[in-house]
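coords.txt (compact mmCIF, C-alpha atoms)
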# COMPACT_ATOMS: atom_id res chain seq x y z
CA MET E 1 0.00 0.00 0.00
CA GLY E 2 2.90 2.33 0.70
CA LEU E 3 4.30 1.63 -2.76
CA LEU E 4 0.92 2.26 -4.39
CA SER E 5 0.50 5.55 -2.51
CA ASP E 6 4.14 6.47 -3.23
CA SER E 7 4.69 7.14 0.48
CA ALA E 8 8.30 6.82 1.59
CA ALA E 9 7.30 7.09 5.28
CA VAL E 10 4.93 4.10 5.08
CA ILE E 11 7.48 2.03 3.14
CA ILE E 12 10.24 2.72 5.67
CA GLY E 13 7.91 1.81 8.52
CA ALA E 14 6.99 -1.46 6.82
CA MET E 15 10.66 -2.32 6.23
CA ILE E 16 11.24 -2.74 9.97
CA ILE E 17 9.09 -5.90 9.99
CA ALA E 18 11.52 -7.71 7.64
CA PRO E 19 9.92 -11.19 7.77
CA LEU E 20 12.52 -12.78 5.49
CA MET E 21 15.68 -11.66 7.29
CA LEU E 22 15.62 -14.45 9.90
CA PRO E 23 14.95 -17.27 7.37
CA ILE E 24 17.86 -16.04 5.23
CA ARG E 25 20.20 -16.08 8.23
CA GLY E 26 18.85 -19.53 9.07
CA LEU E 27 19.54 -21.01 5.65
CA ALA E 28 22.99 -19.39 5.61
CA PHE E 29 23.85 -20.95 8.97
CA GLY E 30 22.28 -24.25 7.95
CA ALA E 31 24.40 -24.35 4.80
CA LEU E 32 27.59 -23.68 6.76
CA GLN E 33 26.81 -26.34 9.38
CA ALA E 34 25.49 -28.86 6.82
CA ASP E 35 22.28 -28.82 8.86
CA ILE E 36 19.82 -30.10 6.24
CA THR E 37 16.75 -29.54 8.45
CA LEU E 38 17.59 -25.91 9.21
CA PHE E 39 18.59 -25.22 5.61
CA ARG E 40 15.36 -26.76 4.30
CA LYS E 41 13.24 -24.75 6.74
CA GLY E 42 15.00 -21.55 5.68
CA ILE E 43 14.50 -22.27 1.98
CA ILE E 44 10.81 -23.13 2.47
CA ALA E 45 10.22 -19.97 4.52
CA VAL E 46 11.91 -17.75 1.92
CA VAL E 47 10.11 -19.35 -1.05
CA VAL E 48 6.68 -19.37 0.58
CA GLY E 49 7.13 -15.85 1.94
CA THR E 50 8.23 -14.57 -1.47
CA MET E 51 5.36 -16.20 -3.33
CA LEU E 52 2.82 -14.98 -0.78
CA ALA E 53 4.09 -11.40 -0.97
CA VAL E 54 4.06 -11.44 -4.78
CA ALA E 55 0.50 -12.81 -4.78
CA ILE E 56 -0.74 -10.15 -2.34
CA ALA E 57 0.95 -7.34 -4.27
CA PHE E 58 -0.41 -8.70 -7.56
CA THR E 59 -3.94 -8.80 -6.15
CA LEU E 60 -3.72 -5.28 -4.73
CA GLY E 61 -2.30 -4.03 -8.02
CA LEU E 62 -5.27 -5.46 -9.91
CA LEU E 63 -7.81 -4.12 -7.41
CA VAL E 64 -6.40 -0.59 -7.33
CA GLY E 65 -5.72 -0.52 -11.08
CA LEU E 66 -3.38 2.47 -11.18
CA PRO E 67 -2.41 3.37 -14.77
CA SER E 68 1.14 4.19 -13.69
CA TYR E 69 3.27 3.87 -10.56
CA GLY E 70 5.21 6.49 -8.65
CA SER E 71 8.90 6.99 -8.07
CA GLU E 72 9.07 4.59 -5.09
CA VAL E 73 8.07 1.68 -7.34
CA LEU E 74 10.29 2.70 -10.25
CA ALA E 75 13.29 3.19 -7.95
CA ARG E 76 13.23 -0.53 -7.15
CA SER E 77 13.43 -1.64 -10.78
CA ARG E 78 16.94 -0.37 -11.61
CA PRO E 79 19.46 -2.15 -9.35
CA THR E 80 23.21 -1.56 -9.75
CA LEU E 81 26.45 -2.69 -8.15
CA LEU E 82 25.78 -0.16 -5.40
CA ASP E 83 22.77 -2.21 -4.29
CA LEU E 84 24.94 -5.34 -4.06
CA GLY E 85 27.44 -3.45 -1.93
CA ILE E 86 24.66 -2.26 0.38
CA ALA E 87 23.27 -5.80 0.68
CA VAL E 88 26.68 -7.25 1.57
CA ALA E 89 27.41 -4.55 4.17
CA ALA E 90 23.97 -4.61 5.78
CA GLY E 91 23.82 -8.42 5.72
CA GLY E 92 27.15 -8.63 7.51
CA ILE E 93 25.96 -6.24 10.20
CA SER E 94 22.73 -8.20 10.55
CA GLY E 95 24.62 -11.47 10.97
CA TYR E 96 26.96 -9.97 13.55
CA ALA E 97 24.07 -8.38 15.43
CA LYS E 98 22.46 -11.81 15.70
CA ILE E 99 25.48 -13.36 17.42
CA GLU E 100 26.47 -10.24 19.41
CA THR E 101 23.53 -9.20 21.57
CA LYS E 102 25.16 -5.90 22.55
CA ILE E 103 24.48 -4.43 19.10
CA SER E 104 21.12 -6.09 18.48
CA GLY E 105 19.58 -2.62 18.37
CA SER E 106 21.18 -2.08 14.98
CA LEU E 107 18.94 -4.71 13.40
CA ALA E 108 16.20 -2.20 12.58
CA GLY E 109 18.64 -0.02 10.68
CA THR E 110 20.06 -2.90 8.67
CA VAL E 111 16.67 -4.27 7.62
CA ILE E 112 15.69 -0.80 6.42
CA ALA E 113 18.94 -0.43 4.50
CA VAL E 114 18.53 -3.70 2.61
CA ALA E 115 14.77 -4.31 2.62
CA LEU E 116 13.61 -7.42 0.79
CA MET E 117 9.86 -6.90 0.85
CA PRO E 118 9.57 -3.75 -1.32
CA PRO E 119 11.23 -5.29 -4.41
CA ILE E 120 9.12 -8.44 -3.96
CA CYS E 121 5.97 -6.31 -3.90
CA VAL E 122 7.15 -4.43 -6.99
CA ILE E 123 7.41 -7.79 -8.79
CA GLY E 124 3.71 -8.37 -8.08
CA LEU E 125 2.73 -4.82 -9.03
CA GLY E 126 4.63 -5.14 -12.31
CA LEU E 127 2.85 -8.43 -13.10
CA ALA E 128 -0.51 -6.83 -12.31
CA GLN E 129 0.24 -4.13 -14.88
CA GLY E 130 1.78 -6.50 -17.41
CA ASN E 131 5.04 -4.57 -17.13
CA TRP E 132 7.67 -7.31 -17.53
CA SER E 133 10.57 -4.87 -17.46
CA LEU E 134 9.47 -3.56 -14.07
CA SER E 135 9.07 -7.07 -12.65
CA PHE E 136 12.44 -8.21 -14.05
CA GLY E 137 14.28 -5.24 -12.54
CA ALA E 138 12.62 -5.80 -9.16
CA THR E 139 13.45 -9.53 -9.33
CA LEU E 140 17.10 -8.68 -9.99
CA LEU E 141 17.13 -6.33 -6.98
CA TYR E 142 15.49 -8.99 -4.79
CA LEU E 143 18.04 -11.65 -5.80
CA THR E 144 20.84 -9.13 -5.26
CA ASN E 145 19.68 -8.42 -1.71
CA LEU E 146 19.00 -12.10 -0.99
CA LEU E 147 22.38 -13.40 -2.14
CA GLY E 148 24.27 -10.41 -0.73
CA ILE E 149 22.75 -10.96 2.72
CA ALA E 150 23.30 -14.72 2.63
CA LEU E 151 26.93 -14.39 1.51
CA SER E 152 27.88 -11.76 4.09
CA CYS E 153 26.10 -13.67 6.88
CA MET E 154 28.10 -16.78 5.96
CA VAL E 155 31.36 -14.87 6.04
CA THR E 156 30.43 -13.30 9.38
CA PHE E 157 29.59 -16.66 10.94
CA VAL E 158 32.88 -18.15 9.68
CA VAL E 159 34.94 -15.22 11.01
CA ALA E 160 33.13 -15.44 14.35
CA GLY E 161 34.22 -19.08 14.61
CA TYR E 162 30.81 -20.73 14.42
CA THR E 163 32.09 -23.20 11.85
CA SER E 164 35.39 -24.26 10.32
CA MET E 165 36.63 -22.93 6.99
CA ALA E 166 36.95 -26.49 5.66
CA ARG E 167 33.24 -27.14 6.24
CA ALA E 168 32.21 -23.71 4.98
CA ARG E 169 34.25 -23.77 1.78
CA GLN E 170 31.72 -25.49 -0.50
CA PRO E 171 28.62 -23.46 0.49
CA LEU E 172 30.66 -20.26 0.29
CA ILE E 173 31.86 -21.14 -3.22
CA TRP E 174 28.29 -21.88 -4.38
CA THR E 175 26.95 -18.64 -2.92
CA MET E 176 29.80 -16.60 -4.38
CA ALA E 177 29.26 -18.21 -7.80
CA LEU E 178 25.55 -17.34 -7.78
CA THR E 179 26.36 -13.80 -6.67
CA ALA E 180 28.99 -13.46 -9.39
CA ILE E 181 26.36 -14.20 -12.04
CA LEU E 182 24.51 -11.07 -10.91
CA LEU E 183 27.62 -8.95 -11.42
CA ILE E 184 27.04 -8.89 -15.19
CA PRO E 185 23.59 -7.24 -15.28
CA LEU E 186 24.39 -5.11 -12.22
CA GLY E 187 27.64 -3.92 -13.81
CA VAL E 188 25.88 -3.03 -17.06
CA SER E 189 23.22 -1.15 -15.13
CA PHE E 190 25.83 0.71 -13.09
CA ALA E 191 27.81 1.71 -16.18
CA ARG E 192 24.60 2.94 -17.80
CA LEU E 193 23.77 4.93 -14.66
CA VAL E 194 27.16 6.66 -14.65
CA ARG E 195 27.01 7.34 -18.39
CA GLN E 196 23.50 8.70 -18.17
CA ALA E 197 24.43 11.05 -15.33
CA GLN E 198 27.46 12.36 -17.24
CA LEU E 199 25.63 12.88 -20.53
CA GLU E 200 22.55 14.45 -18.97
CA SER E 201 24.74 16.82 -17.00
CA SER E 202 26.53 17.83 -20.20
CA LEU E 203 23.22 18.17 -22.00
CA ARG E 204 21.80 20.37 -19.25
CA ARG E 205 24.85 22.64 -19.34
CA ALA E 206 24.68 22.85 -23.12
CA LEU E 207 21.00 23.74 -23.06
CA LEU E 208 21.14 26.34 -20.34
CA ASN E 209 24.56 27.92 -20.69
CA ARG E 210 25.81 27.49 -24.23
CA THR E 211 22.86 28.27 -26.47
CA VAL E 212 21.18 31.57 -27.19
CA THR E 213 17.94 30.16 -28.60
CA PHE E 214 17.04 28.28 -25.43
CA GLY E 215 18.91 30.42 -22.95
CA ARG E 216 15.71 31.75 -21.39
CA LEU E 217 14.04 28.41 -20.90
CA GLN E 218 13.50 27.08 -17.40
CA LEU E 219 14.42 23.39 -17.43
CA LEU E 220 12.20 21.52 -14.98
CA ASN E 221 13.13 17.91 -15.66
CA SER E 222 14.96 15.71 -18.15
CA ASN E 223 14.74 12.00 -18.86
CA THR E 224 16.79 9.96 -21.32
CA ASN E 225 15.71 6.73 -22.98
CA TRP E 226 18.92 4.90 -23.88
CA LEU E 227 17.11 1.98 -25.51
CA THR E 228 16.37 3.98 -28.66
CA ASN E 229 18.89 4.86 -31.35
CA PRO E 230 19.77 7.69 -31.12
CA PRO E 231 18.97 8.14 -27.41
CA GLU E 232 15.75 10.04 -26.83
CA VAL E 233 15.88 12.96 -24.40
CA ARG E 234 12.55 14.24 -23.08
CA LEU E 235 12.85 17.74 -21.62
CA SER E 236 10.17 19.39 -19.51
CA VAL E 237 10.64 23.16 -19.78
CA ARG E 238 8.80 26.37 -19.01
CA ALA E 239 8.93 29.17 -21.58
CA ARG E 240 7.28 32.46 -22.50
CA GLU E 241 7.44 31.75 -26.23
CA PRO E 242 6.65 28.53 -28.16
CA VAL E 243 9.48 26.25 -29.26
CA THR E 244 9.51 25.57 -33.01
CA PRO E 245 10.60 22.31 -34.77
CA ARG E 246 13.32 24.27 -36.58
CA GLN E 247 14.79 25.40 -33.26
CA VAL E 248 14.81 21.82 -31.98
CA GLU E 249 16.54 20.66 -35.18
CA LEU E 250 19.24 23.30 -34.83
CA LEU E 251 19.72 22.44 -31.18
CA GLU E 252 20.08 18.72 -31.99
CA ALA E 253 22.84 19.57 -34.46
CA PHE E 254 24.54 21.76 -31.87
CA ILE E 255 24.35 19.04 -29.17
CA LYS E 256 25.73 16.42 -31.55
CA GLN E 257 28.68 18.69 -32.37
CA GLU E 258 29.32 19.54 -28.72
CA MET E 259 28.94 16.05 -27.25
CA GLY E 260 29.98 13.81 -30.13
CA GLN E 261 26.73 11.84 -30.02
CA ALA E 262 23.34 12.32 -31.65
CA PHE E 263 20.24 12.80 -29.53
CA THR E 264 16.56 13.07 -30.33
CA LEU E 265 15.20 15.99 -28.32
CA ILE E 266 11.54 16.13 -27.33
CA PHE E 267 10.35 19.26 -25.56
CA GLU E 268 7.36 19.32 -23.24
CA VAL E 269 6.71 23.05 -23.01
CA GLY E 270 4.62 24.72 -20.35
CA GLN E 271 3.73 28.24 -21.43
CA VAL E 272 4.28 31.06 -18.96
CA GLU E 273 1.69 33.80 -19.17
CA GLU E 274 1.42 36.86 -16.94
CA ILE E 275 -2.13 37.87 -16.08
CA ARG E 276 -2.90 41.10 -14.24
CA ARG E 277 -6.13 42.83 -13.30
CA SER E 278 -7.53 45.32 -15.75
CA GLU E 279 -6.70 48.96 -15.15
CA SER E 280 -10.43 49.76 -15.21
CA THR E 281 -11.12 47.33 -12.38
CA PRO E 282 -11.93 49.30 -9.20
Is it possible to give me this structure as structure tokens?
Amino acid sequence: MGLLSDSAAVIIGAMIIAPLMLPIRGLAFGALQADITLFRKGIIAVVVGTMLAVAIAFTLGLLVGLPSYGSEVLARSRPTLLDLGIAVAAGGISGYAKIETKISGSLAGTVIAVALMPPICVIGLGLAQGNWSLSFGATLLYLTNLLGIALSCMVTFVVAGYTSMARARQPLIWTMALTAILLIPLGVSFARLVRQAQLESSLRRALLNRTVTFGRLQLLNSNTNWLTNPPEVRLSVRAREPVTPRQVELLEAFIKQEMGQAFTLIFEVGQVEEIRRSESTP
């Protein structure tokens, strides 16, 4: 419901519950100790919990029927290497907090930092809307958090001496191998994020500071679609005068010359009009 209402406060409050954190720590410890019963219980809890959350989110998504989702949903569909780093760090703290009761108070902070439930719910919301790209991105984020937490918990338990390195070697290798597979899509996404930030920053400077035609525009927002060729840049601006197709064409040529790459520019122009009371009005 917090995701549907785009409420960060509700989402953060819900993160504290973190029903999957304990099963993940359980399966990690069960794998290290070769405890088949504990490992099986952890796997069952994670799978059932995931499927139940997806089903509930899917049902709510169908019932509410929003035509589009807000930024809180979209933010959980574009994971990068940064998310894996957060999952590893927070998972390690969570594992240590479990074995060291003195810092158990940090558990709430770690479950908020690497929440598993929001991306699971986004999977269901994406399926309800038929948005496969949204569901795939959220699934990738969920697997990133899941494997990152499991791997760092295993390492923490080994360092704390709860099992020998000889016994832990095989489960650690399997977990690291599964995590390594995620490095490819996460690395591509991270490189795209950096490239997009650099190019959009250059584009913004070129639009606002280096052109006379559009020098008086107020740029409100910009969004780049890198899946098209050439990349499509949608610019939301505010202006006193209309923008003509010829001006956009000239600006595209200028941007290509300045940045060494062609862009398709699409302007969404909000007209600014000053309205005052009539002089004859008493």
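Each of E:Gly126, E:Pro23, E:Gly49, E:Gly30 was checked against E:Val73 using all atoms listed in the file; the smallest atom-to-atom distance is that of E:Gly126.
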TODO: Can you work out the spacing between atom CA of E:Thr244 and atom CA of E:Gln218 in Å, to one decimal?
DONE: 16.2 Å
Task: Nearest residue to E:Gly13 from the set E:Ser164, E:Met1, E:Asn131, E:Phe267 (distances using all atoms listed in the file) - done: E:Met1
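Note that the spacing between atom CA of E:Ser152 and atom CA of E:Gly2 amounts to 28.9 Å.
Minimum atom-to-atom distances from E:Pro185, E:Gly91, E:Pro118, E:Gly61 to E:Ala14 were compared using only C-alpha atoms, and the lowest value belongs to E:Pro118.
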Task: Pick from E:Ala8, E:Leu84, E:Leu127, E:Leu20 nearest to E:Val54, counting all atoms listed in the file - done: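 Once distances to E:Val54 are computed over all atoms listed in the file, the minimum belongs to E:Leu127.
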Open item on the list: For a test of reading the model, state the distance in Å between atom CA of E:Gly148 and atom CA of E:Leu178, rounded to one decimal.
Closed with: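 Atom-to-atom, atom CA of E:Gly148 to atom CA of E:Leu178, that is 10.0 Å.
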- [ ] Name the closest residue to E:Arg192 among the candidates E:Ile149, E:Leu3, E:Leu81, E:Val48; distances are taken between atoms, counting all atoms listed in the file.
- [x] E:Leu81
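Distances from E:Leu32, E:Val64, E:Val269, E:Leu219 to E:Val159 were compared using only C-alpha atoms, and the smallest one belongs to E:Leu32.
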TODO: May I have the protein, DNA and RNA residues with an atom at most 12 Å from (6.9, 16.8, -22.9), counting all atoms listed in the file in the file's coordinates, returned as a list in words?
DONE: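 Checking each residue against the 12 Å limit leaves Leu219, Leu220, Asn221, Ser222, Asn223, Glu232, Val233, Arg234, Leu235, Ser236, Val237, Arg238, Val243, Leu265, Ile266, Phe267, Glu268, Val269, Gly270 and Gln271 of chain E.
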Please complete stretch 167-184 of chain E so it has N, CA, C and O atoms, and hand it over as an mmCIF file, keeping the file's coordinate frame.
data_model
loop_
_atom_site.group_PDB
_atom_site.id
_atom_site.type_symbol
_atom_site.label_atom_id
_atom_site.label_comp_id
_atom_site.auth_asym_id
_atom_site.auth_seq_id
_atom_site.Cartn_x
_atom_site.Cartn_y
_atom_site.Cartn_z
ATOM 1 N N ARG E 167 34.645 -26.786 6.419
ATOM 2 C CA ARG E 167 33.240 -27.140 6.240
ATOM 3 C C ARG E 167 32.499 -26.061 5.451
ATOM 4 O O ARG E 167 31.565 -26.361 4.702
ATOM 5 N N ALA E 168 32.922 -24.813 5.612
ATOM 6 C CA ALA E 168 32.210 -23.710 4.980
ATOM 7 C C ALA E 168 32.629 -23.463 3.535
ATOM 8 O O ALA E 168 31.964 -22.702 2.821
ATOM 9 N N ARG E 169 33.710 -24.095 3.092
ATOM 10 C CA ARG E 169 34.250 -23.770 1.780
ATOM 11 C C ARG E 169 33.249 -24.001 0.652
ATOM 12 O O ARG E 169 33.027 -23.130 -0.193
ATOM 13 N N GLN E 170 32.623 -25.164 0.606
ATOM 14 C CA GLN E 170 31.720 -25.490 -0.500
ATOM 15 C C GLN E 170 30.491 -24.572 -0.553
ATOM 16 O O GLN E 170 30.172 -24.028 -1.612
ATOM 17 N N PRO E 171 29.752 -24.380 0.575
ATOM 18 C CA PRO E 171 28.620 -23.460 0.490
ATOM 19 C C PRO E 171 29.020 -22.022 0.163
ATOM 20 O O PRO E 171 28.286 -21.316 -0.540
ATOM 21 N N LEU E 172 30.188 -21.603 0.634
ATOM 22 C CA LEU E 172 30.660 -20.260 0.290
ATOM 23 C C LEU E 172 30.933 -20.147 -1.209
ATOM 24 O O LEU E 172 30.587 -19.137 -1.835
ATOM 25 N N ILE E 173 31.552 -21.172 -1.781
ATOM 26 C CA ILE E 173 31.860 -21.140 -3.220
ATOM 27 C C ILE E 173 30.572 -21.082 -4.032
ATOM 28 O O ILE E 173 30.454 -20.306 -4.998
ATOM 29 N N TRP E 174 29.564 -21.880 -3.651
ATOM 30 C CA TRP E 174 28.290 -21.880 -4.380
ATOM 31 C C TRP E 174 27.609 -20.520 -4.285
ATOM 32 O O TRP E 174 27.095 -19.977 -5.277
ATOM 33 N N THR E 175 27.594 -19.952 -3.097
ATOM 34 C CA THR E 175 26.950 -18.640 -2.920
ATOM 35 C C THR E 175 27.693 -17.553 -3.682
ATOM 36 O O THR E 175 27.073 -16.681 -4.302
ATOM 37 N N MET E 176 29.013 -17.587 -3.654
ATOM 38 C CA MET E 176 29.800 -16.600 -4.380
ATOM 39 C C MET E 176 29.608 -16.749 -5.888
ATOM 40 O O MET E 176 29.555 -15.756 -6.619
ATOM 41 N N ALA E 177 29.468 -17.992 -6.366
ATOM 42 C CA ALA E 177 29.260 -18.210 -7.800
ATOM 43 C C ALA E 177 27.914 -17.650 -8.242
ATOM 44 O O ALA E 177 27.808 -16.994 -9.294
ATOM 45 N N LEU E 178 26.870 -17.881 -7.443
ATOM 46 C CA LEU E 178 25.550 -17.340 -7.780
ATOM 47 C C LEU E 178 25.560 -15.815 -7.741
ATOM 48 O O LEU E 178 24.947 -15.152 -8.588
ATOM 49 N N THR E 179 26.260 -15.260 -6.759
ATOM 50 C CA THR E 179 26.360 -13.800 -6.670
ATOM 51 C C THR E 179 27.138 -13.227 -7.835
ATOM 52 O O THR E 179 26.811 -12.156 -8.354
ATOM 53 N N ALA E 180 28.173 -13.937 -8.271
ATOM 54 C CA ALA E 180 28.990 -13.460 -9.390
ATOM 55 C C ALA E 180 28.186 -13.368 -10.676
ATOM 56 O O ALA E 180 28.446 -12.493 -11.521
ATOM 57 N N ILE E 181 27.202 -14.259 -10.844
ATOM 58 C CA ILE E 181 26.360 -14.200 -12.040
ATOM 59 C C ILE E 181 25.628 -12.858 -12.114
ATOM 60 O O ILE E 181 25.442 -12.284 -13.193
ATOM 61 N N LEU E 182 25.233 -12.339 -10.952
ATOM 62 C CA LEU E 182 24.510 -11.070 -10.910
ATOM 63 C C LEU E 182 25.398 -9.873 -11.248
ATOM 64 O O LEU E 182 24.887 -8.793 -11.559
ATOM 65 N N LEU E 183 26.726 -10.067 -11.160
ATOM 66 C CA LEU E 183 27.620 -8.950 -11.420
ATOM 67 C C LEU E 183 27.497 -8.436 -12.854
ATOM 68 O O LEU E 183 27.717 -7.245 -13.109
ATOM 69 N N ILE E 184 27.127 -9.308 -13.784
ATOM 70 C CA ILE E 184 27.040 -8.890 -15.190
ATOM 71 C C ILE E 184 25.902 -7.882 -15.403
ATOM 72 O O ILE E 184 26.154 -6.749 -15.834
#
